[in-house]
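Dropping final_1.cif in here (mmCIF, C-alpha atoms):
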```cif
data_final
#
loop_
_atom_site.label_atom_id
_atom_site.label_comp_id
_atom_site.auth_asym_id
_atom_site.auth_seq_id
_atom_site.Cartn_x
_atom_site.Cartn_y
_atom_site.Cartn_z
CA MET A 1 -19.22 -11.35 27.19
CA TRP A 2 -22.54 -10.20 28.63
CA LYS A 3 -20.85 -7.22 30.28
CA TYR A 4 -19.55 -5.97 26.93
CA ARG A 5 -22.50 -7.21 24.86
CA THR A 6 -22.91 -3.85 23.11
CA LEU A 7 -19.34 -3.92 21.81
CA TYR A 8 -19.76 -7.49 20.59
CA LEU A 9 -23.03 -6.55 18.91
CA ILE A 10 -21.58 -3.64 16.93
CA SER A 11 -18.61 -5.81 15.89
CA ILE A 12 -20.90 -8.31 14.12
CA PRO A 13 -21.04 -6.41 10.76
CA GLY A 14 -17.23 -6.23 10.65
CA ILE A 15 -16.89 -9.93 11.50
CA LEU A 16 -19.43 -10.85 8.79
CA PHE A 17 -17.58 -8.70 6.25
CA PHE A 18 -14.30 -10.53 6.85
CA LEU A 19 -16.01 -13.92 6.87
CA VAL A 20 -17.84 -13.37 3.59
CA PHE A 21 -15.24 -11.40 1.62
CA LYS A 22 -11.94 -12.58 3.13
CA TYR A 23 -12.21 -16.06 4.64
CA VAL A 24 -14.82 -17.82 2.49
CA PRO A 25 -12.92 -16.92 -0.75
CA LEU A 26 -9.86 -18.66 0.71
CA LEU A 27 -11.60 -21.95 -0.10
CA GLY A 28 -11.19 -21.09 -3.78
CA SER A 29 -7.42 -21.31 -3.37
CA VAL A 30 -7.79 -25.04 -3.93
CA ILE A 31 -7.83 -24.45 -7.69
CA ALA A 32 -4.14 -23.49 -7.48
CA PHE A 33 -3.51 -27.24 -7.10
CA GLN A 34 -5.93 -28.25 -9.87
CA ASN A 35 -6.16 -27.89 -13.60
CA TYR A 36 -9.37 -25.97 -13.06
CA ASN A 37 -12.14 -26.31 -15.62
CA LEU A 38 -14.92 -23.75 -15.43
CA PHE A 39 -17.59 -26.27 -16.40
CA ALA A 40 -16.32 -29.21 -14.33
CA GLY A 41 -16.04 -27.12 -11.16
CA PHE A 42 -13.96 -27.87 -8.08
CA LYS A 43 -14.96 -31.51 -7.84
CA GLY A 44 -14.53 -32.39 -11.50
CA SER A 45 -11.23 -30.61 -12.11
CA PRO A 46 -8.14 -32.87 -12.03
CA TRP A 47 -5.48 -32.41 -9.37
CA VAL A 48 -2.00 -31.41 -10.58
CA GLY A 49 -0.24 -30.71 -7.27
CA LEU A 50 2.46 -28.06 -7.45
CA GLU A 51 2.60 -27.96 -11.25
CA HIS A 52 1.40 -24.33 -11.49
CA PHE A 53 3.88 -23.17 -8.85
CA GLU A 54 6.72 -24.86 -10.75
CA ARG A 55 5.53 -23.18 -13.95
CA MET A 56 5.47 -19.84 -12.15
CA PHE A 57 9.11 -20.13 -11.05
CA ARG A 58 10.17 -21.34 -14.51
CA HIS A 59 8.56 -18.36 -16.26
CA HIS A 60 11.26 -16.31 -17.96
CA ASP A 61 9.84 -13.00 -16.69
CA PHE A 62 8.92 -14.10 -13.16
CA LEU A 63 12.09 -12.82 -11.47
CA ARG A 64 11.72 -9.43 -13.20
CA ILE A 65 8.08 -9.16 -12.14
CA LEU A 66 8.93 -10.19 -8.57
CA LYS A 67 11.79 -7.66 -8.50
CA ASN A 68 9.44 -4.87 -9.63
CA THR A 69 6.93 -5.81 -6.94
CA LEU A 70 9.56 -5.89 -4.20
CA LEU A 71 11.15 -2.60 -5.28
CA LEU A 72 7.84 -0.74 -5.44
CA GLY A 73 6.85 -2.20 -2.07
CA ALA A 74 10.14 -1.08 -0.56
CA TYR A 75 9.80 2.43 -2.03
CA ASP A 76 6.25 2.59 -0.71
CA ILE A 77 7.42 1.85 2.84
CA LEU A 78 10.41 4.18 2.57
CA PHE A 79 8.47 7.19 1.27
CA ALA A 80 4.69 6.62 1.51
CA PHE A 81 4.85 5.27 5.07
CA THR A 82 7.23 7.84 6.53
CA ALA A 83 5.78 10.92 4.79
CA PRO A 84 2.47 10.96 6.78
CA ILE A 85 4.44 10.77 10.04
CA VAL A 86 6.58 13.78 9.10
CA LEU A 87 3.55 15.68 7.81
CA ALA A 88 1.59 14.98 11.01
CA LEU A 89 4.48 16.27 13.12
CA LEU A 90 4.65 19.44 11.00
CA LEU A 91 0.89 20.01 11.22
CA ASN A 92 1.07 19.50 14.97
CA GLU A 93 3.39 22.52 15.17
CA VAL A 94 0.92 24.81 13.37
CA ARG A 95 -0.71 27.07 15.93
CA LEU A 96 -3.14 28.98 13.66
CA ALA A 97 -6.25 26.76 13.76
CA LEU A 98 -7.88 28.12 10.57
CA TYR A 99 -4.72 27.69 8.51
CA LYS A 100 -4.26 24.17 9.90
CA LYS A 101 -7.81 23.16 8.90
CA ILE A 102 -7.38 24.57 5.39
CA VAL A 103 -4.11 22.68 4.90
CA GLN A 104 -5.66 19.45 6.19
CA THR A 105 -8.64 19.78 3.84
CA VAL A 106 -6.39 20.41 0.83
CA ILE A 107 -4.10 17.44 1.49
CA TYR A 108 -7.02 15.08 2.32
CA ALA A 109 -8.89 15.82 -0.91
CA PRO A 110 -6.78 13.76 -3.39
CA HIS A 111 -7.53 10.57 -1.44
CA PHE A 112 -11.12 10.66 -2.71
CA LEU A 113 -10.04 10.67 -6.36
CA SER A 114 -10.01 7.35 -8.21
CA TRP A 115 -6.79 6.10 -9.73
CA VAL A 116 -8.22 6.73 -13.18
CA ILE A 117 -8.57 10.43 -12.37
CA VAL A 118 -5.17 10.54 -10.68
CA SER A 119 -3.56 8.96 -13.74
CA GLY A 120 -5.33 11.46 -15.99
CA ILE A 121 -3.92 14.35 -13.93
CA PHE A 122 -0.36 12.98 -14.05
CA VAL A 123 -0.56 12.03 -17.73
CA GLY A 124 -1.63 15.61 -18.47
CA MET A 125 1.14 17.08 -16.31
CA LEU A 126 3.81 14.84 -17.85
CA SER A 127 2.66 15.13 -21.46
CA PRO A 128 5.65 15.72 -23.80
CA SER A 129 3.69 18.27 -25.83
CA SER A 130 1.59 20.29 -23.38
CA GLY A 131 2.45 19.03 -19.88
CA ILE A 132 3.41 21.61 -17.28
CA VAL A 133 6.59 19.69 -16.39
CA ASN A 134 7.90 19.77 -19.95
CA VAL A 135 6.84 23.40 -20.35
CA ILE A 136 9.01 24.31 -17.33
CA LEU A 137 11.89 22.20 -18.70
CA GLY A 138 11.50 24.06 -22.01
CA TRP A 139 12.10 27.38 -20.24
CA PHE A 140 15.60 26.10 -19.42
CA GLY A 141 16.23 24.88 -22.97
CA ALA A 142 15.70 21.19 -22.26
CA GLU A 143 14.12 18.85 -24.79
CA PRO A 144 10.64 17.41 -24.02
CA ILE A 145 10.68 14.07 -22.20
CA TYR A 146 8.05 11.37 -22.63
CA PHE A 147 8.08 10.34 -18.95
CA LEU A 148 5.51 7.55 -19.28
CA GLY A 149 7.41 6.11 -22.21
CA GLU A 150 10.62 5.65 -20.23
CA ASP A 151 11.30 2.65 -17.99
CA SER A 152 13.59 4.77 -15.84
CA PHE A 153 10.79 7.13 -14.78
CA ILE A 154 7.81 4.84 -14.23
CA ARG A 155 8.66 3.75 -10.67
CA THR A 156 9.14 7.38 -9.61
CA ILE A 157 5.78 8.26 -11.16
CA LEU A 158 4.01 5.36 -9.42
CA VAL A 159 5.47 6.18 -6.02
CA GLY A 160 5.02 9.94 -6.45
CA SER A 161 1.38 9.70 -7.54
CA GLY A 162 0.58 7.43 -4.60
CA LEU A 163 2.35 9.80 -2.24
CA TRP A 164 0.38 12.80 -3.54
CA ARG A 165 -2.92 10.93 -3.33
CA ASP A 166 -2.64 9.34 0.12
CA VAL A 167 -0.10 11.24 2.22
CA GLY A 168 -2.74 13.57 3.70
CA TRP A 169 -5.15 10.75 4.48
CA GLY A 170 -2.39 8.85 6.25
CA THR A 171 -1.89 11.67 8.75
CA ILE A 172 -5.36 11.27 10.28
CA ILE A 173 -4.44 8.45 12.69
CA TYR A 174 -1.20 10.15 13.74
CA LEU A 175 -2.94 13.48 14.38
CA ALA A 176 -5.57 11.66 16.43
CA ALA A 177 -2.80 10.03 18.47
CA LEU A 178 -1.13 13.41 19.00
CA THR A 179 -4.29 14.83 20.58
CA GLY A 180 -4.01 12.20 23.33
CA ILE A 181 -0.65 13.46 24.58
CA ASN A 182 -0.89 15.14 27.98
CA PRO A 183 -0.15 18.91 27.54
CA GLU A 184 1.48 18.91 31.00
CA LEU A 185 4.40 16.97 29.52
CA TYR A 186 5.16 19.85 27.16
CA GLU A 187 4.75 22.40 29.97
CA ALA A 188 7.17 20.48 32.17
CA SER A 189 9.70 20.22 29.34
CA GLN A 190 9.47 23.98 28.73
CA ILE A 191 10.28 24.60 32.38
CA ASP A 192 13.34 22.39 31.95
CA GLY A 193 14.40 24.52 28.98
CA ALA A 194 13.52 22.12 26.15
CA GLY A 195 12.81 23.71 22.76
CA ARG A 196 10.27 22.53 20.15
CA TRP A 197 12.75 20.19 18.48
CA LYS A 198 13.73 18.58 21.79
CA GLN A 199 10.06 18.24 22.77
CA THR A 200 9.32 16.51 19.48
CA LEU A 201 12.12 13.97 19.96
CA SER A 202 11.52 13.38 23.68
CA ILE A 203 7.71 13.52 23.92
CA THR A 204 5.89 13.50 20.58
CA VAL A 205 7.79 10.75 18.75
CA PRO A 206 7.81 8.30 21.72
CA ALA A 207 4.06 8.87 22.14
CA LEU A 208 3.52 8.03 18.47
CA LEU A 209 5.76 4.96 18.52
CA PRO A 210 3.03 2.40 19.41
CA VAL A 211 0.80 3.69 16.61
CA ILE A 212 3.71 3.76 14.16
CA THR A 213 4.62 0.18 15.08
CA VAL A 214 1.12 -1.20 14.54
CA LEU A 215 0.66 0.62 11.22
CA PHE A 216 4.10 -0.48 10.07
CA LEU A 217 3.27 -4.12 10.79
CA LEU A 218 0.02 -3.78 8.86
CA LYS A 219 1.96 -2.21 5.99
CA ILE A 220 4.42 -5.11 6.01
CA GLY A 221 1.47 -7.49 5.66
CA ASP A 222 0.52 -5.66 2.44
CA PHE A 223 4.11 -5.47 1.20
CA MET A 224 3.42 -7.64 -1.86
CA ASP A 225 0.02 -6.08 -2.49
CA TYR A 226 1.07 -2.85 -4.17
CA GLY A 227 -2.28 -2.42 -5.91
CA PHE A 228 -3.53 -3.38 -9.35
CA GLU A 229 -5.33 -0.14 -10.22
CA ARG A 230 -2.53 2.29 -9.34
CA VAL A 231 -0.11 0.47 -11.66
CA PHE A 232 -2.41 -0.61 -14.49
CA VAL A 233 -3.64 2.93 -15.28
CA PHE A 234 -0.03 4.09 -15.85
CA GLN A 235 1.14 0.99 -17.68
CA ASN A 236 1.91 0.88 -21.41
CA PRO A 237 4.13 -1.23 -23.70
CA LEU A 238 6.99 1.29 -23.39
CA ASN A 239 7.33 1.10 -19.58
CA ILE A 240 6.13 -2.43 -18.90
CA GLN A 241 9.64 -3.71 -18.16
CA ASN A 242 9.73 -1.80 -14.86
CA SER A 243 5.98 -1.50 -14.19
CA GLU A 244 4.77 -5.10 -14.48
CA ILE A 245 4.04 -6.41 -10.97
CA LEU A 246 2.40 -9.55 -9.64
CA ASP A 247 -1.04 -7.92 -9.44
CA THR A 248 -1.09 -6.84 -13.09
CA TYR A 249 0.40 -10.15 -14.22
CA ILE A 250 -2.30 -12.06 -12.32
CA TYR A 251 -4.95 -9.99 -14.10
CA LYS A 252 -3.48 -10.70 -17.53
CA ALA A 253 -2.90 -14.40 -16.90
CA GLY A 254 -6.15 -15.03 -15.04
CA LEU A 255 -8.77 -12.87 -16.75
CA LYS A 256 -7.34 -12.10 -20.18
CA GLN A 257 -5.79 -15.52 -20.84
CA LEU A 258 -8.29 -17.50 -18.70
CA GLN A 259 -5.54 -19.35 -16.82
CA TYR A 260 -7.46 -19.46 -13.55
CA SER A 261 -5.36 -22.07 -11.74
CA TYR A 262 -2.06 -20.47 -12.72
CA ALA A 263 -3.21 -17.00 -11.64
CA THR A 264 -4.52 -18.40 -8.34
CA ALA A 265 -1.15 -20.05 -7.69
CA ILE A 266 0.62 -16.70 -8.16
CA GLY A 267 -1.89 -14.97 -5.87
CA LEU A 268 -1.45 -17.67 -3.22
CA PHE A 269 2.33 -17.32 -3.43
CA LYS A 270 2.00 -13.57 -2.93
CA SER A 271 -0.27 -14.01 0.10
CA VAL A 272 2.00 -16.60 1.73
CA VAL A 273 5.05 -14.33 1.33
CA GLY A 274 3.08 -11.43 2.85
CA LEU A 275 2.04 -13.60 5.81
CA PHE A 276 5.63 -14.76 6.29
CA LEU A 277 6.95 -11.18 6.29
CA LEU A 278 4.24 -10.11 8.74
CA ALA A 279 5.10 -12.94 11.16
CA ILE A 280 8.82 -12.05 11.07
CA ALA A 281 8.19 -8.31 11.51
CA ASN A 282 5.74 -8.94 14.35
CA THR A 283 8.24 -11.14 16.21
CA LEU A 284 11.08 -8.64 15.79
CA SER A 285 8.83 -5.76 16.87
CA ARG A 286 7.67 -7.60 20.00
CA LYS A 287 11.25 -8.31 21.04
CA ALA A 288 12.60 -4.84 20.17
CA THR A 289 9.82 -2.50 21.29
CA GLY A 290 7.28 -4.63 23.15
CA GLU A 291 4.59 -3.62 20.63
CA SER A 292 3.01 -6.19 18.30
CA LEU A 293 -0.22 -7.16 16.56
CA TYR A 294 -0.54 -10.46 18.44
#
```
Can the structure from this file be put into structure tokens for me?
Amino acid sequence: MWKYRTLYLISIPGILFFLVFKYVPLLGSVIAFQNYNLFAGFKGSPWVGLEHFERMFRHHDFLRILKNTLLLGAYDILFAFTAPIVLALLLNEVRLALYKKIVQTVIYAPHFLSWVIVSGIFVGMLSPSSGIVNVILGWFGAEPIYFLGEDSFIRTILVGSGLWRDVGWGTIIYLAALTGINPELYEASQIDGAGRWKQTLSITVPALLPVITVLFLLKIGDFMDYGFERVFVFQNPLNIQNSEILDTYIYKAGLKQLQYSYATAIGLFKSVVGLFLLAIANTLSRKATGESLY
């Protein structure tokens, strides 16, 4: 430890952050097994065991909410996880440095917008009266569509807005990994007659595989945590059937209805499922590729 004392020293702020904001709050999970009273506190609140978990599974809308969460999580992995990889590979093929920097700046910028601003942009674009999408549809004689008022469109809007906002930011790690590939590998492959496509499949993708594996495992750990803000800002009574997820339901049950124990039980269930999925994915990855988080 003394040999690497500098590294340990600069890791202290990160360790303290996780202790204070991640591990200490875990102690509050105890209220999921209590009928928590704000004035009685942890010690004075009566224990009820698994009553809140049983209530959660008996709720008439729970399966629909869980289905929405799982579907959006699956779409996020299918599109939002793979898109940065493809984009990084495309940017890696750009040889004009100035053009490459301009493109990177443009696609990074949306990441710094809040979800409130992002929702405002998409609400304006999808407006049935003045939105650019409906204006274009009108050119072809189509009737205006109220996209945010249709259950069938809301999942596409949620996934698409997240893709637009974060796809550029997600390429940063992959582009950094690409810079570490030895150029001599490409030179040797050119001598052997390999084209750009063959070089990508034989050199670039295998070099990215360890990074892809680690990021995929981290993504699996957040599978149930789709994000409260990104859904809540698009949600309305007309699309709630397909947009209500565990995060928004926890907010409504816990903060708006003051059911603290019930909301904590749902949050604990979500975290346990995420941990279970991460453990399975990590084991399968270690056996299949040799790469894992632990």
**Request:** Return the single residue from A:Leu275, A:Phe228, A:Tyr146, A:Ile12 that is closest to A:Ser129, with distances computed using all atoms listed in the file.
**Result:**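 Once distances to A:Ser129 are computed over all atoms listed in the file, the minimum belongs to A:Tyr146.
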**Message:** Within 12 Å of (4.0, 13.9, -19.7) (file coordinates; all atoms listed in the file), which protein or nucleic acid residues are there? I'd like them as a PyMOL selection string.
**Reply:** chain A and resi 119-137+144-150+153-154+157+234
**Message:** I'd like the interatomic distance between atom CA of A:Leu293 and atom CA of A:Val20, to a tenth of an Å.
**Reply:** 22.7 Å
When you look at A:Leu178 with a cut-off of 12 Å (counting only C-alpha atoms), what residues show up, excluding the ones that are within fewer than 4 positions of it in the same chain? I need them as a CSV table (one decimal) with C-alpha atoms, keeping the file's coordinate frame.
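This is the output file result23.csv:
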```csv
chain,number,residue,atom,x,y,z
A,85,ILE,CA,4.4,10.8,10.0
A,88,ALA,CA,1.6,15.0,11.0
A,89,LEU,CA,4.5,16.3,13.1
A,90,LEU,CA,4.6,19.4,11.0
A,91,LEU,CA,0.9,20.0,11.2
A,92,ASN,CA,1.1,19.5,15.0
A,93,GLU,CA,3.4,22.5,15.2
A,171,THR,CA,-1.9,11.7,8.8
A,172,ILE,CA,-5.4,11.3,10.3
A,173,ILE,CA,-4.4,8.4,12.7
A,174,TYR,CA,-1.2,10.2,13.7
A,182,ASN,CA,-0.9,15.1,28.0
A,183,PRO,CA,-0.2,18.9,27.5
A,200,THR,CA,9.3,16.5,19.5
A,203,ILE,CA,7.7,13.5,23.9
A,204,THR,CA,5.9,13.5,20.6
A,205,VAL,CA,7.8,10.8,18.8
A,206,PRO,CA,7.8,8.3,21.7
A,207,ALA,CA,4.1,8.9,22.1
A,208,LEU,CA,3.5,8.0,18.5
A,209,LEU,CA,5.8,5.0,18.5
A,210,PRO,CA,3.0,2.4,19.4
A,211,VAL,CA,0.8,3.7,16.6
A,212,ILE,CA,3.7,3.8,14.2
```
**Request:** Using only C-alpha atoms, find all polymer residues with an atom at most 12 Å away from the point (-13.0, 8.4, 0.4); report them as a PyMOL selection string.
**Result:** chain A and resi 108-114+165-166+168-169
Per-residue nearest contacts of stretch 84-189 of chain A to stretch 68-78 of chain A (12 Å; all atoms listed in the file) as a tab-separated table:
```
residue	atom	partner	partner_atom	distance
A:Pro84	CA	A:Ile77	CA	11.1
A:Ile85	CA	A:Leu78	CA	11.6
A:Asp151	CA	A:Asn68	CA	11.4
A:Ile154	CA	A:Leu72	CA	10.4
A:Arg155	CA	A:Leu72	CA	6.9
A:Thr156	CA	A:Tyr75	CA	9.1
A:Ile157	CA	A:Leu72	CA	10.9
A:Leu158	CA	A:Leu72	CA	8.2
A:Val159	CA	A:Asp76	CA	6.5
A:Gly160	CA	A:Asp76	CA	9.4
A:Ser161	CA	A:Asp76	CA	11.0
A:Gly162	CA	A:Asp76	CA	8.4
A:Leu163	CA	A:Asp76	CA	8.3
A:Asp166	CA	A:Asp76	CA	11.2
A:Val167	CA	A:Asp76	CA	11.1
```
**Message:** For A:Ser29, find every residue with an atom within 9 Å (counting only C-alpha atoms), except residues of its own chain fewer than 3 positions away, and show them as a ChimeraX atom specification.
**Reply:** /A:25-26,32-33,261,264-265,267-268
**Message:** Translate the PyMOL selection byres ((chain A and resi 266) around 12) into a concrete residue list for this structure, as JSON, numbers by chain.
**Reply:** {"A": [29, 31, 32, 33, 50, 51, 52, 53, 54, 55, 56, 57, 59, 62, 65, 66, 224, 245, 246, 247, 248, 249, 250, 251, 252, 253, 254, 259, 260, 261, 262, 263, 264, 265, 267, 268, 269, 270, 271, 272, 273]}
**Shell of 10 Å around A:Phe216, all atoms listed in the file, local chain residues under 2 positions omitted, as a PyMOL selection string** = chain A and resi 77+81-82+210-214+218-222+278+281-282+285
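The smallest atom-to-atom distance between A:Ala80 and any of A:Val106, A:Leu16, A:Arg58, A:Tyr226, using all atoms listed in the file, is found for A:Tyr226.
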**Message:** What does the structure give for the distance between atom CA of A:Arg95 and atom CA of A:Trp197, in Å to one decimal?
**Reply:** 15.3 Å
